[in-house]
Amino acid sequence: MNAVTDNNQPWSREEFEEKLRTKGQGYHIYHPIHVAMYEGKLSKEQLQAWVANRFYYQIGIPLKDAAILSNCPDKEVRKEWIVRITDHDGVDGQVGGIEAWIQLGEAVGLTREQVTSLKLVSPGVKFAVDAYINFARQRPWQESVCSSLTELFAPHIHQQRISSWPTMYPWIKEDGLSYFKKRLTEARRDVEQGLSVTLEYFGKSREMQERALEILQFKLNVLWVIADSIMLASTDVTTDGVPYLRQPVY
Ligand SMILES: O=C(O)c1cc(C(=O)O)c2c(n1)C(=O)C(=O)c1cc(C(=O)O)[nH]c1-2
């Protein structure tokens with residue numbers, strides 16, 4: 001077998017999964033705002049800005065999942081995928097992720113209105129989240145499933161917050177952490193489904209496997225830009241003595 005043919009061989013299922021997992025090196029857990037958050041270095045105002053901005057991602061996720069459902073003709077996949085929407089919206093009297101996030105907002109000292117009005121959301125966060133939703137509207141459903149695979153890395157960052165916040169930010173009410181606790185189990189289940197679709201669908205050729213890695217990189221970029229935008233919006237920057245306007249005026 002010559003080198004050219006060799007390069008075009010698909011990776012084995014295990015190798016392909018390993019390549020996807022290695023992408024975790026670019027996860028937003030390593031973004032300066034998340035490192036500072038973990039180390040207890042954020043001010044109350046910065047944490048509030050993070051929670052208020054991230055709310056836009058939280059409400060975008062069910063829209064993204066509804067777009068995936070609308071593109072997916074496979075009933076068995078839809079039956080499993082639909083749970084992601086009820087996880088966030090709530091069902092049968094149970095608090096969903098969106099409500100739990102609003103409660104997180106209240107636990108860090110924001111009002112419900114401050115969170116849900118979206119007045120504190122920066123333009124960069126809107127662009128990034130909208131790009132993720134639009135990707136799911138426009139691309140084949142298997143590509144959108146692949147883009148959700150940053151969830152492979154999410155339990156680690158959620159666990160970090162559960163362990164560090166009570167010590168680093170004792171002023172945050174303890175029940176504010178319930179969103180992250182709830183996601184620990186949900187994300188593990190989601191990842192099993194997302195990974196099996198991705199390994200199967202993109203596993204057919206090296207070209208498709210490489211496409212899957214590109215898609216995962218796109219999603220890592222979405223998360224990174226969200227973090228960049230929040231950091232900029234919550235940091236005092238001065239140009240020539242003129243303070244940077246932290247919140248856009250609509
Ligand atoms: O707090 C985080 O850092 C974080 C990251 C991610 C992610 O990696 O996309 C998700 C979540 N949280 C999350 O709570 C969540 O429900 C979620 C759904 C998805 C998705 O792409 O479908 N990602 C994430």
# chains A, B, ... in the order shown; residues from 1 in each chain; ligands from 1

$ closest_atom_pairs --of "chain A" --to "ligand 1" --cutoff "8 Å" --atoms "only C-alpha atoms and all ligand atoms" --output "JSON lines"
{"residue": "A:Tyr27", "atom": "CA", "partner": "ligand 1", "partner_atom_place_in_ligand_line": "8 (O)", "distance": 7.7}
{"residue": "A:His28", "atom": "CA", "partner": "ligand 1", "partner_atom_place_in_ligand_line": "3 (O)", "distance": 7.1}
{"residue": "A:Ile29", "atom": "CA", "partner": "ligand 1", "partner_atom_place_in_ligand_line": "3 (O)", "distance": 7.1}
{"residue": "A:Gln58", "atom": "CA", "partner": "ligand 1", "partner_atom_place_in_ligand_line": "16 (O)", "distance": 6.7}
{"residue": "A:Ile61", "atom": "CA", "partner": "ligand 1", "partner_atom_place_in_ligand_line": "22 (O)", "distance": 5.8}
{"residue": "A:Lys64", "atom": "CA", "partner": "ligand 1", "partner_atom_place_in_ligand_line": "22 (O)", "distance": 7.5}
{"residue": "A:Asp65", "atom": "CA", "partner": "ligand 1", "partner_atom_place_in_ligand_line": "22 (O)", "distance": 7.0}
{"residue": "A:Arg84", "atom": "CA", "partner": "ligand 1", "partner_atom_place_in_ligand_line": "22 (O)", "distance": 7.8}
{"residue": "A:His88", "atom": "CA", "partner": "ligand 1", "partner_atom_place_in_ligand_line": "16 (O)", "distance": 7.3}
{"residue": "A:Gly97", "atom": "CA", "partner": "ligand 1", "partner_atom_place_in_ligand_line": "16 (O)", "distance": 7.3}
{"residue": "A:Ser147", "atom": "CA", "partner": "ligand 1", "partner_atom_place_in_ligand_line": "21 (O)", "distance": 6.6}
{"residue": "A:Ser148", "atom": "CA", "partner": "ligand 1", "partner_atom_place_in_ligand_line": "21 (O)", "distance": 3.7}
{"residue": "A:Leu149", "atom": "CA", "partner": "ligand 1", "partner_atom_place_in_ligand_line": "21 (O)", "distance": 6.6}
{"residue": "A:Thr150", "atom": "CA", "partner": "ligand 1", "partner_atom_place_in_ligand_line": "8 (O)", "distance": 4.1}
{"residue": "A:Glu151", "atom": "CA", "partner": "ligand 1", "partner_atom_place_in_ligand_line": "8 (O)", "distance": 4.3}
{"residue": "A:Leu152", "atom": "CA", "partner": "ligand 1", "partner_atom_place_in_ligand_line": "8 (O)", "distance": 7.2}
{"residue": "A:Phe153", "atom": "CA", "partner": "ligand 1", "partner_atom_place_in_ligand_line": "8 (O)", "distance": 6.2}
{"residue": "A:Ala154", "atom": "CA", "partner": "ligand 1", "partner_atom_place_in_ligand_line": "8 (O)", "distance": 4.8}
{"residue": "A:Ile157", "atom": "CA", "partner": "ligand 1", "partner_atom_place_in_ligand_line": "3 (O)", "distance": 5.8}
{"residue": "A:His158", "atom": "CA", "partner": "ligand 1", "partner_atom_place_in_ligand_line": "1 (O)", "distance": 6.0}
{"residue": "A:Tyr179", "atom": "CA", "partner": "ligand 1", "partner_atom_place_in_ligand_line": "14 (O)", "distance": 7.7}
{"residue": "A:Phe180", "atom": "CA", "partner": "ligand 1", "partner_atom_place_in_ligand_line": "14 (O)", "distance": 7.1}
{"residue": "A:Arg183", "atom": "CA", "partner": "ligand 1", "partner_atom_place_in_ligand_line": "14 (O)", "distance": 6.1}
{"residue": "A:Ala187", "atom": "CA", "partner": "ligand 1", "partner_atom_place_in_ligand_line": "16 (O)", "distance": 7.2}
{"residue": "A:Lys219", "atom": "CA", "partner": "ligand 1", "partner_atom_place_in_ligand_line": "9 (O)", "distance": 7.5}
{"residue": "A:Leu220", "atom": "CA", "partner": "ligand 1", "partner_atom_place_in_ligand_line": "8 (O)", "distance": 7.7}
{"residue": "A:Leu223", "atom": "CA", "partner": "ligand 1", "partner_atom_place_in_ligand_line": "9 (O)", "distance": 6.9}

$ select_by_dssp --residues "region 137-245 of chain A" --states "strand (DSSP E or B)" --output "list in words"
Thr238, Thr239, Val242 and Pro243 of chain A

$ atom_distance --atom1 "CA of Leu63 (chain A)" --atom2 "CA of Gln160 (chain A)"
27.1 Å

$ atom_distance --atom1 "CA of Asn8 (chain A)" --atom2 "CA of Arg206 (chain A)"
5.7 Å

$ atom_distance --atom1 "CA of Ile85 (chain A)" --atom2 "CA of Phe202 (chain A)"
24.7 Å

$ closest_residue --among "A:Val51, A:Arg21, A:Trp171, A:Glu192" --to "Gln114 (chain A)" --atoms "only C-alpha atoms"
A:Val51

$ residues_around --residues "Leu20 (chain A)" --least-positions-apart "4" --cutoff "9 Å" --atoms "only C-alpha atoms" --output "PyMOL selection string"
chain A and resi 15-16+24+149+212-213+216

$ residues_around --residues "Glu106 (chain A)" --least-positions-apart "2" --cutoff "10 Å" --atoms "only C-alpha atoms" --output "list in words"
Gln48, Val51, Ala100, Trp101, Ile102, Gln103, Leu104, Val108, Gly109, Leu110, Thr111, Arg112, Glu113, Gln114, Val115, Ile172, Lys173, Asp175 and Gly176 of chain A

$ write_last_selection --atoms "all heavy atoms" --output "compact mmCIF listing (two decimals), in the first residue's frame"
# COMPACT_ATOMS: atom_id res chain seq x y z
N GLN A 48 -22.10 38.16 36.95
CA GLN A 48 -23.46 38.50 36.52
C GLN A 48 -23.52 38.66 35.00
O GLN A 48 -24.44 38.18 34.35
CB GLN A 48 -23.93 39.79 37.20
CG GLN A 48 -24.22 39.60 38.69
CD GLN A 48 -24.63 40.89 39.37
OE1 GLN A 48 -24.33 41.98 38.89
NE2 GLN A 48 -25.32 40.77 40.50
N VAL A 51 -23.47 35.22 33.37
CA VAL A 51 -24.76 34.50 33.48
C VAL A 51 -25.80 35.13 32.53
O VAL A 51 -26.50 34.43 31.81
CB VAL A 51 -25.28 34.52 34.94
CG1 VAL A 51 -26.70 33.96 35.02
CG2 VAL A 51 -24.34 33.71 35.85
N ALA A 100 -34.08 26.91 35.22
CA ALA A 100 -32.97 26.72 36.18
C ALA A 100 -31.90 27.79 35.95
O ALA A 100 -31.25 28.25 36.90
CB ALA A 100 -32.37 25.32 36.04
N TRP A 101 -31.70 28.19 34.68
CA TRP A 101 -30.70 29.23 34.41
C TRP A 101 -31.16 30.59 34.95
O TRP A 101 -30.38 31.39 35.45
CB TRP A 101 -30.39 29.32 32.91
CG TRP A 101 -29.09 30.05 32.68
CD1 TRP A 101 -28.93 31.40 32.57
CD2 TRP A 101 -27.78 29.48 32.61
NE1 TRP A 101 -27.59 31.72 32.41
CE2 TRP A 101 -26.87 30.55 32.43
CE3 TRP A 101 -27.28 28.17 32.67
CZ2 TRP A 101 -25.49 30.35 32.31
CZ3 TRP A 101 -25.92 27.98 32.55
CH2 TRP A 101 -25.03 29.06 32.38
N ILE A 102 -32.48 30.86 34.84
CA ILE A 102 -33.00 32.12 35.40
C ILE A 102 -32.77 32.12 36.91
O ILE A 102 -32.38 33.12 37.51
CB ILE A 102 -34.51 32.29 35.06
CG1 ILE A 102 -34.70 32.40 33.54
CG2 ILE A 102 -35.10 33.52 35.76
CD1 ILE A 102 -36.15 32.32 33.07
N GLN A 103 -32.98 30.95 37.53
CA GLN A 103 -32.74 30.84 38.98
C GLN A 103 -31.26 31.06 39.31
O GLN A 103 -30.91 31.63 40.33
CB GLN A 103 -33.24 29.49 39.50
CG GLN A 103 -34.76 29.43 39.49
CD GLN A 103 -35.33 28.03 39.75
OE1 GLN A 103 -34.59 27.10 40.09
NE2 GLN A 103 -36.64 27.88 39.59
N LEU A 104 -30.40 30.61 38.38
CA LEU A 104 -28.97 30.88 38.56
C LEU A 104 -28.74 32.40 38.53
O LEU A 104 -27.98 32.96 39.32
CB LEU A 104 -28.15 30.17 37.47
CG LEU A 104 -26.67 30.55 37.36
CD1 LEU A 104 -25.92 30.20 38.64
CD2 LEU A 104 -26.02 29.84 36.16
N VAL A 108 -27.13 34.84 41.51
CA VAL A 108 -25.96 35.73 41.44
C VAL A 108 -26.35 37.20 41.60
O VAL A 108 -25.54 38.10 41.41
CB VAL A 108 -25.12 35.53 40.15
CG1 VAL A 108 -24.56 34.12 40.05
CG2 VAL A 108 -25.88 35.90 38.88
N GLY A 109 -27.65 37.44 41.89
CA GLY A 109 -28.07 38.81 42.21
C GLY A 109 -28.72 39.58 41.07
O GLY A 109 -28.89 40.79 41.16
N LEU A 110 -29.06 38.88 39.99
CA LEU A 110 -29.80 39.55 38.91
C LEU A 110 -31.29 39.34 39.13
O LEU A 110 -31.69 38.39 39.81
CB LEU A 110 -29.42 38.93 37.55
CG LEU A 110 -27.98 39.11 37.07
CD1 LEU A 110 -27.68 38.16 35.91
CD2 LEU A 110 -27.71 40.55 36.64
N THR A 111 -32.11 40.21 38.53
CA THR A 111 -33.54 39.94 38.60
C THR A 111 -33.92 39.09 37.39
O THR A 111 -33.20 39.05 36.39
CB THR A 111 -34.36 41.25 38.52
OG1 THR A 111 -34.12 41.86 37.24
CG2 THR A 111 -33.98 42.22 39.63
N ARG A 112 -35.07 38.44 37.51
CA ARG A 112 -35.60 37.65 36.40
C ARG A 112 -35.71 38.51 35.14
O ARG A 112 -35.33 38.09 34.04
CB ARG A 112 -36.98 37.11 36.82
CG ARG A 112 -37.77 36.38 35.76
CD ARG A 112 -39.01 35.77 36.36
NE ARG A 112 -38.63 34.64 37.20
CZ ARG A 112 -38.62 33.37 36.76
NH1 ARG A 112 -39.01 33.08 35.55
NH2 ARG A 112 -38.25 32.40 37.56
N GLU A 113 -36.18 39.72 35.31
CA GLU A 113 -36.36 40.64 34.19
C GLU A 113 -35.01 40.99 33.53
O GLU A 113 -34.90 41.03 32.30
CB GLU A 113 -37.10 41.90 34.72
CG GLU A 113 -36.89 43.20 33.97
CD GLU A 113 -37.52 43.22 32.58
OE1 GLU A 113 -38.29 42.31 32.26
OE2 GLU A 113 -37.18 44.14 31.80
N GLN A 114 -33.99 41.18 34.36
CA GLN A 114 -32.66 41.49 33.78
C GLN A 114 -32.16 40.35 32.90
O GLN A 114 -31.52 40.58 31.89
CB GLN A 114 -31.65 41.77 34.90
CG GLN A 114 -31.73 43.18 35.45
CD GLN A 114 -30.82 43.37 36.64
OE1 GLN A 114 -30.75 42.52 37.53
NE2 GLN A 114 -30.10 44.48 36.67
N VAL A 115 -32.46 39.11 33.33
CA VAL A 115 -31.99 37.96 32.55
C VAL A 115 -32.86 37.79 31.29
O VAL A 115 -32.34 37.72 30.17
CB VAL A 115 -32.04 36.67 33.39
CG1 VAL A 115 -31.61 35.46 32.58
CG2 VAL A 115 -31.17 36.80 34.63
N ILE A 172 -22.80 33.41 46.29
CA ILE A 172 -23.80 32.85 45.35
C ILE A 172 -24.65 31.83 46.11
O ILE A 172 -24.12 30.94 46.76
CB ILE A 172 -23.13 32.15 44.15
CG1 ILE A 172 -22.28 33.14 43.36
CG2 ILE A 172 -24.19 31.51 43.23
CD1 ILE A 172 -21.57 32.52 42.15
N LYS A 173 -25.97 31.98 45.98
CA LYS A 173 -26.85 31.04 46.69
C LYS A 173 -26.64 29.63 46.12
O LYS A 173 -26.59 29.44 44.90
CB LYS A 173 -28.31 31.46 46.51
CG LYS A 173 -28.62 32.79 47.18
CD LYS A 173 -30.14 32.92 47.40
CE LYS A 173 -30.52 34.38 47.63
NZ LYS A 173 -30.93 35.09 46.42
N ASP A 175 -28.46 27.03 45.68
CA ASP A 175 -29.39 26.41 44.72
C ASP A 175 -29.17 26.91 43.29
O ASP A 175 -29.70 26.35 42.34
CB ASP A 175 -30.86 26.57 45.16
CG ASP A 175 -31.26 28.04 45.32
OD1 ASP A 175 -30.40 28.92 45.07
OD2 ASP A 175 -32.42 28.30 45.69
N GLY A 176 -28.35 27.95 43.15
CA GLY A 176 -27.99 28.43 41.81
C GLY A 176 -27.24 27.38 41.01
O GLY A 176 -27.19 27.41 39.79

$ closest_residue --among "A:Ser117, A:Gln142, A:Asn71, A:Thr167" --to "Met208 (chain A)" --atoms "only C-alpha atoms"
A:Gln142

$ closest_residue --among "A:Val222, A:Pro62, A:Lys23, A:Ile33" --to "Trp81 (chain A)" --atoms "only C-alpha atoms"
A:Pro62

$ residues_around --residues "Asp87 (chain A)" --least-positions-apart "4" --cutoff "8 Å" --atoms "only C-alpha atoms" --output "NGL selection string"
:A and (83 or 91 or 96-97 or 186)

$ closest_residue --among "A:Gln25, A:Lys119, A:Tyr38, A:Ala233" --to "Ile162 (chain A)" --atoms "only C-alpha atoms"
A:Tyr38

$ select_by_dssp --residues "region 6-123 of chain A" --states "alpha helix (DSSP H)" --output "PyMOL selection string"
chain A and resi 6-8+13-22+32-38+44-71+75-81+83-89+97-107+112-116+123

$ residues_around --residues "Asp228 (chain A)" --least-positions-apart "5" --cutoff "12 Å" --atoms "only C-alpha atoms" --output "ChimeraX atom specification"
/A:28,30-34,50,53-54,122-125,128,221-223,233-235
